[in-house]
>>> print(open('target-v5.cif').read())   # mmCIF, C-alpha atoms
data_query
loop_
_atom_site.label_atom_id
_atom_site.label_comp_id
_atom_site.auth_asym_id
_atom_site.auth_seq_id
_atom_site.Cartn_x
_atom_site.Cartn_y
_atom_site.Cartn_z
CA MET A 1 30.99 -12.18 -28.66
CA THR A 2 27.92 -10.28 -27.45
CA GLU A 3 28.42 -7.55 -24.87
CA PHE A 4 27.76 -8.68 -21.31
CA ASN A 5 24.51 -7.35 -19.85
CA ARG A 6 24.35 -7.21 -16.07
CA LYS A 7 20.54 -7.43 -16.07
CA THR A 8 20.31 -10.49 -18.33
CA PRO A 9 20.54 -13.97 -16.72
CA TYR A 10 24.04 -15.29 -17.48
CA ASN A 11 22.87 -18.59 -18.97
CA ASP A 12 25.84 -18.37 -21.36
CA LEU A 13 28.32 -18.72 -18.48
CA PRO A 14 31.16 -20.71 -20.14
CA PRO A 15 32.09 -24.12 -18.71
CA LEU A 16 35.43 -24.84 -17.04
CA PRO A 17 38.28 -24.82 -17.80
CA PRO A 18 38.25 -21.33 -19.34
CA LYS A 19 39.75 -20.70 -22.77
CA ALA A 20 41.83 -17.81 -21.39
CA ASP A 21 45.49 -18.17 -20.41
CA ILE A 22 45.39 -19.27 -16.77
CA GLU A 23 49.11 -20.02 -16.55
CA THR A 24 50.73 -16.65 -17.21
CA LYS A 25 54.24 -16.04 -15.83
CA SER A 26 52.79 -13.94 -13.00
CA ILE A 27 50.31 -16.66 -12.05
CA LEU A 28 52.90 -19.44 -12.14
CA ARG A 29 55.36 -17.45 -10.00
CA LYS A 30 52.65 -16.67 -7.46
CA THR A 31 51.50 -20.31 -7.48
CA VAL A 32 54.98 -21.40 -6.38
CA SER A 33 55.23 -18.90 -3.50
CA ALA A 34 51.65 -19.51 -2.35
CA GLY A 35 52.18 -23.26 -2.49
CA ARG A 36 55.33 -23.02 -0.38
CA ALA A 37 53.59 -20.87 2.24
CA LEU A 38 50.65 -23.27 2.42
CA ALA A 39 52.93 -26.31 2.70
CA LYS A 40 54.88 -24.65 5.51
CA PHE A 41 51.67 -23.88 7.40
CA ASN A 42 50.37 -27.42 6.91
CA GLY A 43 53.65 -28.95 8.05
CA THR A 44 53.77 -26.78 11.17
CA LEU A 45 50.17 -27.60 12.07
CA MET A 46 50.62 -31.34 11.60
CA ASN A 47 53.86 -31.36 13.60
CA LEU A 48 52.17 -29.95 16.71
CA PRO A 49 51.90 -32.43 19.60
CA ASN A 50 48.12 -32.33 19.11
CA PRO A 51 47.29 -31.11 15.56
CA ASN A 52 43.54 -31.29 16.27
CA LEU A 53 43.65 -29.11 19.38
CA PHE A 54 43.02 -25.78 17.64
CA LEU A 55 40.53 -27.00 15.01
CA ASP A 56 37.42 -25.90 16.89
CA THR A 57 38.87 -22.45 17.41
CA ILE A 58 40.08 -21.99 13.83
CA TYR A 59 36.85 -23.31 12.30
CA LEU A 60 34.80 -21.04 14.54
CA GLN A 61 36.90 -18.00 13.62
CA GLU A 62 36.50 -18.87 9.93
CA ALA A 63 32.74 -19.25 10.44
CA LYS A 64 32.55 -15.89 12.20
CA THR A 65 34.47 -13.98 9.54
CA SER A 66 32.83 -15.72 6.58
CA SER A 67 29.49 -14.70 8.05
CA GLU A 68 30.75 -11.11 8.46
CA VAL A 69 31.28 -11.00 4.68
CA GLU A 70 27.47 -11.32 4.52
CA ASN A 71 27.04 -8.67 7.27
CA ILE A 72 26.16 -11.27 9.91
CA ILE A 73 27.97 -9.91 12.96
CA THR A 74 28.57 -11.39 16.40
CA THR A 75 31.36 -11.07 18.98
CA ASN A 76 34.00 -13.64 19.86
CA ASP A 77 32.85 -13.63 23.47
CA GLU A 78 29.20 -14.24 22.58
CA LEU A 79 30.18 -16.90 20.06
CA TYR A 80 32.44 -19.00 22.27
CA LYS A 81 30.16 -18.64 25.26
CA SER A 82 27.18 -19.85 23.21
CA LEU A 83 29.14 -22.82 21.91
CA VAL A 84 30.02 -24.04 25.41
CA ALA A 85 26.95 -23.13 27.47
CA ASP A 86 23.99 -25.51 27.79
CA LYS A 87 21.36 -22.97 26.93
CA ASN A 88 19.44 -21.97 23.82
CA VAL A 89 21.27 -19.51 21.58
CA GLU A 90 19.04 -16.45 21.26
CA ASN A 91 21.26 -14.19 19.13
CA THR A 92 20.33 -14.74 15.47
CA ALA A 93 23.78 -13.85 14.13
CA THR A 94 25.45 -16.22 16.60
CA LYS A 95 23.09 -19.01 15.51
CA GLU A 96 24.05 -18.41 11.88
CA VAL A 97 27.78 -18.59 12.68
CA LEU A 98 27.36 -21.82 14.65
CA ASN A 99 25.35 -23.26 11.75
CA TYR A 100 28.25 -22.39 9.42
CA LYS A 101 30.71 -24.20 11.65
CA GLU A 102 28.44 -27.26 11.70
CA ALA A 103 28.22 -27.13 7.90
CA LEU A 104 32.01 -27.03 7.60
CA TRP A 105 32.37 -30.00 9.97
CA GLN A 106 29.73 -31.89 7.98
CA GLY A 107 31.58 -31.25 4.74
CA ILE A 108 34.85 -32.52 6.24
CA GLU A 109 33.15 -35.67 7.53
CA GLU A 110 31.51 -36.28 4.14
CA LEU A 111 34.91 -36.09 2.41
CA LYS A 112 36.27 -38.77 4.74
CA THR A 113 33.72 -41.30 3.52
CA LYS A 114 33.36 -40.00 -0.04
CA PRO A 115 36.32 -37.90 -1.28
CA PHE A 116 34.30 -36.15 -3.95
CA ILE A 117 32.85 -32.62 -4.15
CA SER A 118 29.39 -32.94 -5.66
CA THR A 119 26.22 -30.96 -6.22
CA ASN A 120 24.58 -33.04 -3.51
CA LEU A 121 27.33 -32.08 -1.05
CA CYS A 122 26.79 -28.39 -1.88
CA VAL A 123 23.07 -28.81 -1.18
CA LYS A 124 23.78 -30.52 2.17
CA ILE A 125 26.12 -27.68 3.15
CA VAL A 126 23.66 -24.89 2.34
CA GLN A 127 20.88 -26.77 4.11
CA ARG A 128 23.00 -26.98 7.25
CA ILE A 129 23.94 -23.29 6.99
CA LYS A 130 20.34 -22.19 6.52
CA GLN A 131 18.81 -24.94 8.70
CA SER A 132 16.23 -25.51 5.97
CA ASN A 133 15.37 -27.76 3.04
CA ALA A 134 16.94 -25.30 0.59
CA SER A 135 17.85 -26.68 -2.82
CA ILE A 136 18.70 -25.47 -6.32
CA ARG A 137 17.02 -22.19 -7.28
CA VAL A 138 13.86 -22.75 -9.30
CA THR A 139 12.26 -19.29 -9.31
CA PRO A 140 13.49 -16.45 -11.57
CA GLY A 141 14.22 -12.92 -10.41
CA THR A 142 17.51 -13.40 -8.53
CA THR A 143 19.92 -10.51 -9.04
CA LEU A 144 23.00 -9.24 -7.22
CA SER A 145 23.17 -5.53 -6.42
CA ASN A 146 25.75 -3.11 -5.07
CA ALA A 147 25.40 -0.79 -2.06
CA ARG A 148 23.56 1.75 -4.24
CA GLY A 149 20.96 -0.83 -5.25
CA GLU A 150 22.25 -1.11 -8.84
CA VAL A 151 22.12 -4.55 -10.43
CA ILE A 152 25.68 -5.75 -11.03
CA TYR A 153 25.02 -9.37 -11.96
CA THR A 154 22.15 -11.68 -12.85
CA PRO A 155 23.04 -15.37 -12.44
CA PRO A 156 21.75 -18.17 -14.68
CA ILE A 157 18.08 -19.10 -14.33
CA GLY A 158 16.24 -22.39 -14.82
CA GLU A 159 16.85 -25.42 -12.62
CA SER A 160 18.00 -27.57 -15.55
CA VAL A 161 20.48 -24.89 -16.67
CA ILE A 162 21.85 -24.47 -13.16
CA ARG A 163 22.19 -28.24 -12.63
CA GLU A 164 23.96 -28.62 -15.98
CA LYS A 165 26.50 -25.97 -15.00
CA LEU A 166 26.98 -27.56 -11.58
CA ALA A 167 27.54 -30.94 -13.27
CA ASN A 168 30.33 -29.40 -15.36
CA LEU A 169 31.80 -27.83 -12.23
CA GLU A 170 31.64 -31.19 -10.42
CA ARG A 171 33.52 -32.93 -13.24
CA PHE A 172 36.13 -30.18 -13.35
CA ILE A 173 36.78 -30.24 -9.59
CA ASN A 174 37.16 -34.00 -9.35
CA ASP A 175 39.17 -34.62 -12.55
CA ASP A 176 42.88 -34.75 -11.71
CA SER A 177 43.98 -35.49 -15.28
CA ASP A 178 43.77 -31.92 -16.64
CA GLY A 179 47.23 -30.93 -15.36
CA ILE A 180 46.02 -27.69 -13.77
CA ASP A 181 47.81 -26.77 -10.56
CA PRO A 182 45.43 -27.37 -7.62
CA LEU A 183 45.75 -23.77 -6.36
CA ILE A 184 44.81 -22.39 -9.77
CA LYS A 185 42.01 -24.93 -9.95
CA MET A 186 40.77 -23.79 -6.55
CA ALA A 187 40.46 -20.23 -7.87
CA LEU A 188 38.63 -21.33 -11.03
CA MET A 189 36.25 -23.51 -9.02
CA HIS A 190 35.40 -20.67 -6.64
CA TYR A 191 34.62 -18.21 -9.41
CA GLN A 192 32.39 -20.69 -11.21
CA PHE A 193 30.38 -21.61 -8.12
CA GLU A 194 29.79 -17.96 -7.25
CA ALA A 195 28.83 -17.17 -10.86
CA ILE A 196 26.35 -20.06 -11.01
CA HIS A 197 24.90 -18.83 -7.70
CA PRO A 198 22.81 -21.99 -7.39
CA PHE A 199 20.89 -21.16 -4.21
CA THR A 200 18.48 -18.44 -3.19
CA ASP A 201 20.67 -17.64 -0.18
CA GLY A 202 23.90 -18.91 1.36
CA ASN A 203 25.97 -19.03 -1.85
CA GLY A 204 28.89 -16.99 -0.51
CA ARG A 205 29.24 -19.03 2.67
CA THR A 206 28.84 -22.33 0.82
CA GLY A 207 31.45 -21.23 -1.72
CA ARG A 208 33.94 -20.37 1.01
CA ILE A 209 33.40 -23.74 2.70
CA LEU A 210 34.08 -25.39 -0.67
CA LEU A 211 37.46 -23.61 -0.78
CA LEU A 212 38.47 -25.29 2.47
CA LEU A 213 37.11 -28.67 1.42
CA TYR A 214 38.98 -28.50 -1.88
CA LEU A 215 42.28 -27.75 -0.11
CA LYS A 216 41.75 -30.96 1.87
CA LEU A 217 40.51 -32.97 -1.13
CA SER A 218 43.54 -31.95 -3.20
CA GLY A 219 45.95 -32.94 -0.42
CA LEU A 220 47.23 -29.40 0.12
CA LEU A 221 45.98 -29.34 3.73
CA ASP A 222 45.57 -32.37 5.97
CA ASN A 223 43.14 -30.34 8.07
CA PRO A 224 41.51 -27.36 6.36
CA ALA A 225 42.31 -25.24 9.40
CA ILE A 226 43.01 -22.01 7.57
CA TYR A 227 41.30 -18.69 8.05
CA LEU A 228 40.63 -17.57 4.44
CA SER A 229 37.63 -15.30 5.04
CA ASP A 230 39.80 -12.94 7.07
CA TYR A 231 41.66 -12.00 3.87
CA ILE A 232 38.45 -11.69 1.86
CA ILE A 233 36.76 -9.34 4.33
CA LYS A 234 39.89 -7.17 4.58
CA ASN A 235 40.17 -7.04 0.77
CA LYS A 236 36.47 -7.17 -0.02
CA THR A 237 36.42 -4.49 -2.70
CA ARG A 238 39.17 -6.17 -4.73
CA TYR A 239 37.49 -9.55 -4.25
CA TYR A 240 34.21 -8.46 -5.83
CA ARG A 241 35.96 -6.31 -8.44
CA SER A 242 38.13 -9.23 -9.60
CA LEU A 243 35.12 -11.58 -9.79
CA GLN A 244 33.32 -8.97 -11.86
CA GLY A 245 36.36 -8.57 -14.09
CA VAL A 246 36.23 -12.25 -15.02
CA THR A 247 32.50 -12.11 -15.77
CA GLU A 248 32.48 -8.93 -17.80
CA ARG A 249 35.93 -8.83 -19.43
CA ASN A 250 37.35 -12.36 -19.11
CA GLU A 251 40.15 -10.97 -16.87
CA TRP A 252 41.23 -14.19 -15.20
CA GLU A 253 44.78 -13.20 -14.28
CA ASP A 254 43.91 -10.50 -11.75
CA TYR A 255 41.32 -12.73 -10.08
CA ILE A 256 43.60 -15.79 -9.87
CA LEU A 257 46.41 -13.64 -8.45
CA TYR A 258 43.99 -12.34 -5.82
CA MET A 259 43.12 -15.89 -4.75
CA LEU A 260 46.79 -16.92 -4.66
CA ASP A 261 47.64 -13.80 -2.61
CA MET A 262 44.90 -14.90 -0.21
CA ILE A 263 46.47 -18.35 0.20
CA GLU A 264 49.99 -16.98 0.68
CA GLU A 265 49.11 -14.23 3.14
CA THR A 266 46.64 -16.34 5.12
CA SER A 267 49.19 -19.16 5.44
CA ALA A 268 51.81 -16.75 6.79
CA LYS A 269 49.35 -15.26 9.27
CA GLY A 270 48.25 -18.75 10.29
CA LEU A 271 51.84 -19.60 11.16
CA GLY A 272 52.03 -16.47 13.29
CA ARG A 273 48.85 -17.35 15.17
CA LEU A 274 49.97 -20.91 15.81
CA SER A 275 53.27 -19.59 17.15
CA GLU A 276 51.54 -17.08 19.41
CA ILE A 277 49.09 -19.62 20.85
CA THR A 278 51.73 -22.30 21.40
CA THR A 279 54.00 -19.73 23.10
CA VAL A 280 51.22 -18.67 25.47
CA MET A 281 50.41 -22.33 26.12
CA ALA A 282 54.03 -23.05 27.07
CA GLU A 283 54.15 -20.00 29.35
CA THR A 284 50.89 -21.02 31.00
CA ALA A 285 52.16 -24.56 31.48
CA ASP A 286 55.29 -23.29 33.24
CA GLU A 287 53.26 -21.03 35.51
CA ILE A 288 50.79 -23.78 36.47
CA LYS A 289 53.69 -26.14 37.20
CA LYS A 290 55.18 -23.56 39.56
CA LYS A 291 51.99 -22.42 41.29
CA LEU A 292 49.86 -25.58 41.13
CA PRO A 293 52.23 -28.51 40.48
CA LYS A 294 49.82 -31.10 41.86
CA ILE A 295 47.08 -30.37 39.33
CA TYR A 296 49.17 -29.82 36.18
CA SER A 297 48.80 -32.27 33.31
CA LYS A 298 49.07 -31.98 29.54
CA ASP A 299 45.41 -33.03 29.22
CA LEU A 300 44.38 -30.19 31.53
CA LEU A 301 46.42 -27.68 29.53
CA ASP A 302 44.86 -28.91 26.28
CA ALA A 303 41.38 -28.55 27.78
CA LEU A 304 42.13 -24.93 28.71
CA PHE A 305 43.32 -24.06 25.19
CA ARG A 306 40.85 -25.99 23.04
CA LEU A 307 38.38 -23.09 23.31
CA PRO A 308 38.46 -19.84 25.34
CA TYR A 309 35.62 -21.07 27.57
CA THR A 310 35.54 -24.39 29.39
CA LYS A 311 33.46 -25.98 32.15
CA ARG A 312 33.51 -28.92 34.53
CA ARG A 313 31.82 -31.27 32.06
CA HIS A 314 34.58 -30.69 29.48
CA LEU A 315 37.28 -31.66 31.96
CA ILE A 316 35.31 -34.70 33.14
CA ASP A 317 34.78 -35.84 29.54
CA ALA A 318 38.52 -35.43 28.90
CA GLY A 319 39.19 -37.94 31.70
CA ILE A 320 40.95 -35.38 33.88
CA GLY A 321 39.09 -36.33 37.07
CA THR A 322 35.85 -36.78 38.96
CA PRO A 323 33.32 -33.94 39.22
CA LYS A 324 34.68 -33.01 42.63
CA THR A 325 38.32 -33.16 41.47
CA VAL A 326 37.85 -31.03 38.37
CA GLY A 327 35.73 -28.58 40.37
CA ASN A 328 38.66 -28.13 42.74
CA TYR A 329 41.06 -27.76 39.81
CA LEU A 330 38.95 -25.01 38.23
CA MET A 331 38.62 -23.17 41.53
CA ALA A 332 42.38 -23.30 42.05
CA LEU A 333 43.05 -22.09 38.50
CA GLU A 334 40.69 -19.17 39.02
CA GLU A 335 42.18 -18.25 42.40
CA ASN A 336 45.62 -18.13 40.79
CA GLY A 337 44.52 -15.93 37.91
CA PHE A 338 44.54 -18.48 35.06
CA LEU A 339 40.77 -18.44 34.56
CA THR A 340 37.80 -16.14 35.21
CA SER A 341 34.42 -17.66 36.04
CA GLU A 342 31.06 -16.45 34.80
CA ARG A 343 27.56 -17.72 35.51
CA VAL A 344 25.62 -18.46 32.30
CA GLY A 345 22.15 -19.80 32.99
CA LYS A 346 22.44 -22.50 35.62
CA GLU A 347 26.08 -23.35 34.97
CA LYS A 348 29.46 -21.80 35.52
CA LEU A 349 31.85 -21.22 32.61
CA TYR A 350 35.56 -20.52 32.95
CA LEU A 351 37.27 -18.11 30.56
CA ASN A 352 40.91 -18.33 29.48
CA ARG A 353 41.46 -14.61 28.85
CA ARG A 354 44.94 -15.15 27.40
CA LEU A 355 43.51 -17.27 24.60
CA LEU A 356 40.55 -14.97 23.97
CA ARG A 357 42.92 -12.00 23.73
CA ILE A 358 44.83 -13.69 20.90
CA LEU A 359 41.59 -14.51 19.10
CA GLU A 360 40.39 -10.91 19.44
CA ASP A 361 43.52 -9.83 17.57
CA MET A 362 42.88 -12.21 14.65
#
>>> encode(input="target-v5.cif", output="structure tokens")
Amino acid sequence: MTEFNRKTPYNDLPPLPPKADIETKSILRKTVSAGRALAKFNGTLMNLPNPNLFLDTIYLQEAKTSSEVENIITTNDELYKSLVADKNVENTATKEVLNYKEALWQGIEELKTKPFISTNLCVKIVQRIKQSNASIRVTPGTTLSNARGEVIYTPPIGESVIREKLANLERFINDDSDGIDPLIKMALMHYQFEAIHPFTDGNGRTGRILLLLYLKLSGLLDNPAIYLSDYIIKNKTRYYRSLQGVTERNEWEDYILYMLDMIEETSAKGLGRLSEITTVMAETADEIKKKLPKIYSKDLLDALFRLPYTKRRHLIDAGIGTPKTVGNYLMALEENGFLTSERVGKEKLYLNRRLLRILEDM
């Protein structure tokens, strides 16, 4: 085997599955514990009275943090406000995060009609992220560098080479007959996509969306409402080091264990967040019933906790009342300290500070 050269295009990237042992005792033990944690999180989410209520919030948090991995930074307040307000988003980073969320939603919708992860789906996702006609890389010269500007990896070059490797990846992802545990398969898939690096830009974000889509495709999550990028950004050095270890030294075990740790820890944290939000929801419901019994309804409560910001149109669309009625409701909620209003452009938004506070701690 020739020595790996970081500056030479990795056209010899081996196909999946790898020839290395991907089912060591350590990996199999961690697969069991990670699988249990993920199943517990999924069960808790699906047993909520309204399992879809928190999807917007979770997807947006995932979009925000996945973008931070690429040094695209915005604030929760700016992000949620921009999502709700009827005005053009001027902040470039916020636009990028909202594009990511749209790309994730698109991927989920695509899987509903065609449960298959394909090269074409990857292209659609990156196009939505970048809001462009981006496609498979055709020009040479792409390299990945570290903070010091040193080249640490040169991905494969040549459109036909890249498409051939993506075709192998596509077959591997969608073939259930190989007997590989889905969580291990998820890790292998992610490495391979990042190593192929098929696009000029947006590979990291596309690859992290594919993680979520695969968890849904494999049946491990009914809704891919899990906040994986939080773990990656908090363990960024190990993430890139373990990817590099596979490429340069065929060290699959450390990398797979990292990905399984990510699933286990993120699932446990997800349970904690769901518990915290549902507790605050229940407390808020009790307080509204005591202070404003005539306006309380479950639909109103759901509208207040779907996103940190809401507005009259959201409540009208939810069938809670007429424009005048919901306007009175929002005024009463603000007067009693449940909401804080803010003028954005020509409209008034109402902030649920209790919910935003939880999201700020994520």
>>> closest_residue(input="target-v5.cif", among="A:Leu104, A:Ala147, A:Leu166, A:Leu217", to="Gln127 (chain A)", atoms="all atoms listed in the file")
A:Leu104
>>> residues_around(input="target-v5.cif", residues="Ile209 (chain A)", least_positions_apart="6", cutoff="9 Å", atoms="only C-alpha atoms", output="PyMOL selection string")
chain A and resi 63+66+100+103-104+107+125
>>> write_last_selection(input="target-v5.cif", atoms="C-alpha atoms", output="short mmCIF file (atom, residue, chain, number, x, y, z; two decimals), keeping the file's coordinate frame")
data_model
loop_
_atom_site.label_atom_id
_atom_site.label_comp_id
_atom_site.auth_asym_id
_atom_site.auth_seq_id
_atom_site.Cartn_x
_atom_site.Cartn_y
_atom_site.Cartn_z
CA ALA A 63 32.74 -19.25 10.44
CA SER A 66 32.83 -15.72 6.58
CA TYR A 100 28.25 -22.39 9.42
CA ALA A 103 28.22 -27.13 7.90
CA LEU A 104 32.01 -27.03 7.60
CA GLY A 107 31.58 -31.25 4.74
CA ILE A 125 26.12 -27.68 3.15
#
>>> residues_around(input="target-v5.cif", residues="Asn52 (chain A)", least_positions_apart="5", cutoff="10 Å", atoms="all atoms listed in the file", output="list in words")
Leu45, Met46, Asn223, Ala225 and Arg306 of chain A
>>> residues_near_point(input="target-v5.cif", point="(27.3, -15.5, 13.7)", cutoff="6 Å", atoms="all atoms listed in the file", output="list in words")
Lys64, Ile72, Ile73, Thr74, Ala93, Thr94, Lys95, Glu96 and Val97 of chain A
>>> write_last_selection(input="target-v5.cif", atoms="C-alpha atoms", output="PDB file, in the frame of the given file")
ATOM      1  CA  LYS A  64      32.550 -15.890  12.200  1.00  0.00           C
ATOM      2  CA  ILE A  72      26.160 -11.270   9.910  1.00  0.00           C
ATOM      3  CA  ILE A  73      27.970  -9.910  12.960  1.00  0.00           C
ATOM      4  CA  THR A  74      28.570 -11.390  16.400  1.00  0.00           C
ATOM      5  CA  ALA A  93      23.780 -13.850  14.130  1.00  0.00           C
ATOM      6  CA  THR A  94      25.450 -16.220  16.600  1.00  0.00           C
ATOM      7  CA  LYS A  95      23.090 -19.010  15.510  1.00  0.00           C
ATOM      8  CA  GLU A  96      24.050 -18.410  11.880  1.00  0.00           C
ATOM      9  CA  VAL A  97      27.780 -18.590  12.680  1.00  0.00           C
TER      10      VAL A  97
END
>>> residues_around(input="target-v5.cif", residues="Ala34 (chain A)", least_positions_apart="3", cutoff="10 Å", atoms="all atoms listed in the file", output="list of chain:residue names")
A:Leu28, A:Arg29, A:Lys30, A:Thr31, A:Ala37, A:Leu38, A:Ala39, A:Lys40, A:Leu183, A:Leu257, A:Met259, A:Leu260, A:Asp261, A:Met262, A:Ile263, A:Glu264, A:Glu265, A:Thr266, A:Ser267, A:Ala268
>>> atom_distance(input="target-v5.cif", atom1="CA of Glu70 (chain A)", atom2="CA of Asn352 (chain A)")
29.2 Å
>>> residues_near_point(input="target-v5.cif", point="(37.0, -32.2, -4.9)", cutoff="12 Å", atoms="only C-alpha atoms", output="count of residues only")
38
>>> closest_atom_pairs(input="target-v5.cif", of="region 26-142 of chain A", to="region 229-246 of chain A", cutoff="12 Å", atoms="all atoms listed in the file", output="tab-separated table")
residue	atom	partner	partner_atom	distance
A:Ile58	CA	A:Asp230	CA	11.3
A:Tyr59	CA	A:Ser229	CA	10.8
A:Leu60	CA	A:Ser229	CA	11.5
A:Gln61	CA	A:Asp230	CA	8.8
A:Glu62	CA	A:Ser229	CA	6.2
A:Ala63	CA	A:Ser229	CA	8.3
A:Lys64	CA	A:Ser229	CA	8.8
A:Thr65	CA	A:Ser229	CA	5.7
A:Ser66	CA	A:Ser229	CA	5.1
A:Ser67	CA	A:Ser229	CA	8.7
A:Glu68	CA	A:Ile233	CA	7.5
A:Val69	CA	A:Ile233	CA	5.7
A:Glu70	CA	A:Ile233	CA	9.5
A:Asn71	CA	A:Ile233	CA	10.2
>>> write_last_selection(input="target-v5.cif", atoms="C-alpha atoms", output="PDB file, keeping the file's coordinate frame")
ATOM      1  CA  ILE A  58      40.080 -21.990  13.830  1.00  0.00           C
ATOM      2  CA  TYR A  59      36.850 -23.310  12.300  1.00  0.00           C
ATOM      3  CA  LEU A  60      34.800 -21.040  14.540  1.00  0.00           C
ATOM      4  CA  GLN A  61      36.900 -18.000  13.620  1.00  0.00           C
ATOM      5  CA  GLU A  62      36.500 -18.870   9.930  1.00  0.00           C
ATOM      6  CA  ALA A  63      32.740 -19.250  10.440  1.00  0.00           C
ATOM      7  CA  LYS A  64      32.550 -15.890  12.200  1.00  0.00           C
ATOM      8  CA  THR A  65      34.470 -13.980   9.540  1.00  0.00           C
ATOM      9  CA  SER A  66      32.830 -15.720   6.580  1.00  0.00           C
ATOM     10  CA  SER A  67      29.490 -14.700   8.050  1.00  0.00           C
ATOM     11  CA  GLU A  68      30.750 -11.110   8.460  1.00  0.00           C
ATOM     12  CA  VAL A  69      31.280 -11.000   4.680  1.00  0.00           C
ATOM     13  CA  GLU A  70      27.470 -11.320   4.520  1.00  0.00           C
ATOM     14  CA  ASN A  71      27.040  -8.670   7.270  1.00  0.00           C
TER      15      ASN A  71
END
>>> closest_residue(input="target-v5.cif", among="A:Ile152, A:Leu356, A:Leu271, A:Leu315", to="Phe4 (chain A)", atoms="all atoms listed in the file")
A:Ile152
>>> atom_distance(input="target-v5.cif", atom1="CA of Leu304 (chain A)", atom2="CA of Glu360 (chain A)")
16.9 Å
>>> closest_residue(input="target-v5.cif", among="A:Thr278, A:Ser132, A:Asn11, A:Ser341", to="Phe54 (chain A)", atoms="only C-alpha atoms")
A:Thr278
>>> closest_residue(input="target-v5.cif", among="A:Ile157, A:Ala20, A:Leu228, A:Val84", to="Lys269 (chain A)", atoms="all atoms listed in the file")
A:Leu228
>>> residues_around(input="target-v5.cif", residues="Thr340 (chain A)", least_positions_apart="3", cutoff="12 Å", atoms="only C-alpha atoms", output="list in words")
Leu304, Pro308, Tyr309, Thr310, Lys311, Leu330, Met331, Ala332, Leu333, Glu334, Glu335, Asn336, Gly337, Arg343, Lys348, Leu349, Tyr350, Leu351, Asn352, Arg353, Arg354 and Leu356 of chain A
>>> closest_residue(input="target-v5.cif", among="A:Leu13, A:Leu55, A:Ala285, A:Leu300", to="Pro224 (chain A)", atoms="all atoms listed in the file")
A:Leu55
>>> atom_distance(input="target-v5.cif", atom1="CA of Thr142 (chain A)", atom2="CA of Tyr10 (chain A)")
11.2 Å
>>> axis_aligned_box(input="target-v5.cif", around="region 234-250 of chain A", padding_each_side="6 Å", output="JSON")
{"center_x": 36.3, "center_y": -8.4, "center_z": -7.4, "size_x": 19.7, "size_y": 19.9, "size_z": 36.0}
>>> closest_residue(input="target-v5.cif", among="A:Val326, A:Thr44, A:Trp252, A:Met281", to="Thr24 (chain A)", atoms="all atoms listed in the file")
A:Trp252
